[in-house]
Amino acid sequence: MPDYETLCYWEARYAKESEFDWFCDLSNPILAAFFEELELDPSVPMLHMGCGNSRLSIQLYQKGFTSAIHTDFAPSCIERMRETFRSEFPTSLADPGFLFQVVDVTDMAGFQDGSFACVFEKSLLDALSCGDDGLKERYEREVYRVLRPGGRLVIISYSASREQCFPPSRWRVTHRELLLRDGQMQSASSPEVFHHAYVCDRVP
């Protein structure tokens, strides 16, 4: 299995890959409908962790999440996303250096406690799960810290057992299956692929 949890893996991959989306992006009607069901408020502070080189960051901006911060721990990825943003929104007054930041989710010291009302990630916890359990534990602690009391973490995952990462004393977790087609298999004949959505509300 690739070392998905390591920076060297991702830097090597981003050197060869300009764009890739795990699962799918908001052009998928099922994922788009799920987002609509969440009724996320674009005006509240939002953190998109592990943004990678997916189109999702651009799509969120187009949907009005203009102050959302998108992070990845690979500097080359963030620089490319800044360039993509400048290219797609040449008249925007938003600062790509603020919207796209190099951040390690296991140590988000640059963000104060309670900085965000919502945190979103797609397959980031999956990648960390390829390493030791300490990575997942630090992820949980840091997300809990940067979320406001009552804030919400939304996860899209390959795994049906991510609840185990979230202590019930700190989180209320709702789990549901989403029928998404793999990002590399979008034809009508593609097999049905279920992924897992977790809505994790931070217990104050």
# chains A, B, ... in the order shown; residues from 1 in each chain; ligands from 1
>>> residues_around(residues="range 37-51 of chain A", least_positions_apart="2", cutoff="7 Å", atoms="only C-alpha atoms", output="VMD selection string")
chain A and resid 33 to 35 53 to 54 57 64 to 65 67 to 72 116 to 121 124
>>> select_by_dssp(residues="chain A", states="strand (DSSP E)", output="MDAnalysis selection string")
chainID A and resid 46:49 69:72 100:102 116:122 147:157 171:180 193:202
>>> residues_around(residues="Leu178 in chain A", least_positions_apart="4", cutoff="8 Å", atoms="only C-alpha atoms", output="list in words")
Ile30, Leu31, Phe194, His195, His196 and Ala197 of chain A
>>> residues_around(residues="range 171-173 of chain A", least_positions_apart="6", cutoff="8 Å", atoms="only C-alpha atoms", output="list in words")
Glu163, Tyr198, Val199, Cys200, Asp201, Arg202 and Val203 of chain A
>>> write_last_selection(atoms="N, CA and C atoms", output="PDB file, in the first residue's frame")
ATOM      1  N   GLU A 163     -16.344   6.067  13.112  1.00  0.00           N
ATOM      2  CA  GLU A 163     -16.854   6.512  14.423  1.00  0.00           C
ATOM      3  C   GLU A 163     -15.872   6.212  15.541  1.00  0.00           C
ATOM      4  N   TYR A 198     -19.795  11.094   7.368  1.00  0.00           N
ATOM      5  CA  TYR A 198     -19.887  11.244   8.819  1.00  0.00           C
ATOM      6  C   TYR A 198     -20.111  12.723   9.141  1.00  0.00           C
ATOM      7  N   VAL A 199     -21.171  12.984   9.864  1.00  0.00           N
ATOM      8  CA  VAL A 199     -21.425  14.330  10.372  1.00  0.00           C
ATOM      9  C   VAL A 199     -21.166  14.278  11.868  1.00  0.00           C
ATOM     10  N   CYS A 200     -20.114  14.959  12.284  1.00  0.00           N
ATOM     11  CA  CYS A 200     -19.625  14.880  13.667  1.00  0.00           C
ATOM     12  C   CYS A 200     -19.804  16.229  14.345  1.00  0.00           C
ATOM     13  N   ASP A 201     -20.752  16.314  15.246  1.00  0.00           N
ATOM     14  CA  ASP A 201     -20.999  17.566  15.959  1.00  0.00           C
ATOM     15  C   ASP A 201     -20.201  17.600  17.250  1.00  0.00           C
ATOM     16  N   ARG A 202     -19.457  18.666  17.433  1.00  0.00           N
ATOM     17  CA  ARG A 202     -18.598  18.825  18.603  1.00  0.00           C
ATOM     18  C   ARG A 202     -19.430  19.073  19.840  1.00  0.00           C
ATOM     19  N   VAL A 203     -19.268  18.234  20.845  1.00  0.00           N
ATOM     20  CA  VAL A 203     -19.942  18.432  22.106  1.00  0.00           C
ATOM     21  C   VAL A 203     -19.272  19.591  22.828  1.00  0.00           C
TER      22      VAL A 203
END
>>> closest_residue(among="A:Arg138, A:Arg170, A:Arg13, A:Arg55", to="Leu26 in chain A", atoms="only C-alpha atoms")
A:Arg55
>>> closest_residue(among="A:Ala32, A:Val146, A:Ile78, A:Ile156", to="Glu11 in chain A", atoms="only C-alpha atoms")
A:Ile78
>>> closest_residue(among="A:Leu147, A:Ala160, A:Cys165, A:Ala127", to="Tyr4 in chain A", atoms="only C-alpha atoms")
A:Ala127
>>> closest_residue(among="A:Ser169, A:Gly110, A:Leu99, A:Ser115", to="Arg148 in chain A", atoms="only C-alpha atoms")
A:Ser115
>>> closest_residue(among="A:Trp22, A:Tyr9, A:Phe100, A:Phe111", to="Arg80 in chain A", atoms="only C-alpha atoms")
A:Phe100
>>> residues_around(residues="Asp126 in chain A", least_positions_apart="3", cutoff="8 Å", atoms="only C-alpha atoms", output="VMD selection string")
chain A and resid 123 129 to 130 157 to 159
>>> write_last_selection(atoms="C-alpha atoms", output="mmCIF file, in the first residue's frame")
data_model
loop_
_atom_site.group_PDB
_atom_site.id
_atom_site.type_symbol
_atom_site.label_atom_id
_atom_site.label_comp_id
_atom_site.auth_asym_id
_atom_site.auth_seq_id
_atom_site.Cartn_x
_atom_site.Cartn_y
_atom_site.Cartn_z
ATOM 1 C CA SER A 123 -10.537 10.964 2.530
ATOM 2 C CA SER A 129 -5.145 5.761 8.923
ATOM 3 C CA CYS A 130 -2.354 4.262 6.832
ATOM 4 C CA SER A 157 -14.568 8.341 3.666
ATOM 5 C CA TYR A 158 -13.954 4.913 2.195
ATOM 6 C CA SER A 159 -14.328 3.394 5.658
#
>>> atom_distance(atom1="CA of Gly151 in chain A", atom2="CA of Tyr139 in chain A")
15.7 Å
>>> select_by_dssp(residues="range 3-173 of chain A", states="helix (DSSP H, G or I)", output="PyMOL selection string")
chain A and resi 7-16+29-38+56-62+75-88+96-99+124-128+133-146+162-165
>>> closest_residue(among="A:Gly114, A:Val102, A:Pro168, A:Cys24", to="Glu79 in chain A", atoms="only C-alpha atoms")
A:Val102
>>> residues_around(residues="Glu140 in chain A", least_positions_apart="3", cutoff="9 Å", atoms="only C-alpha atoms", output="JSON, numbers by chain")
{"A": [106, 135, 136, 137, 143, 144, 145, 165, 166]}
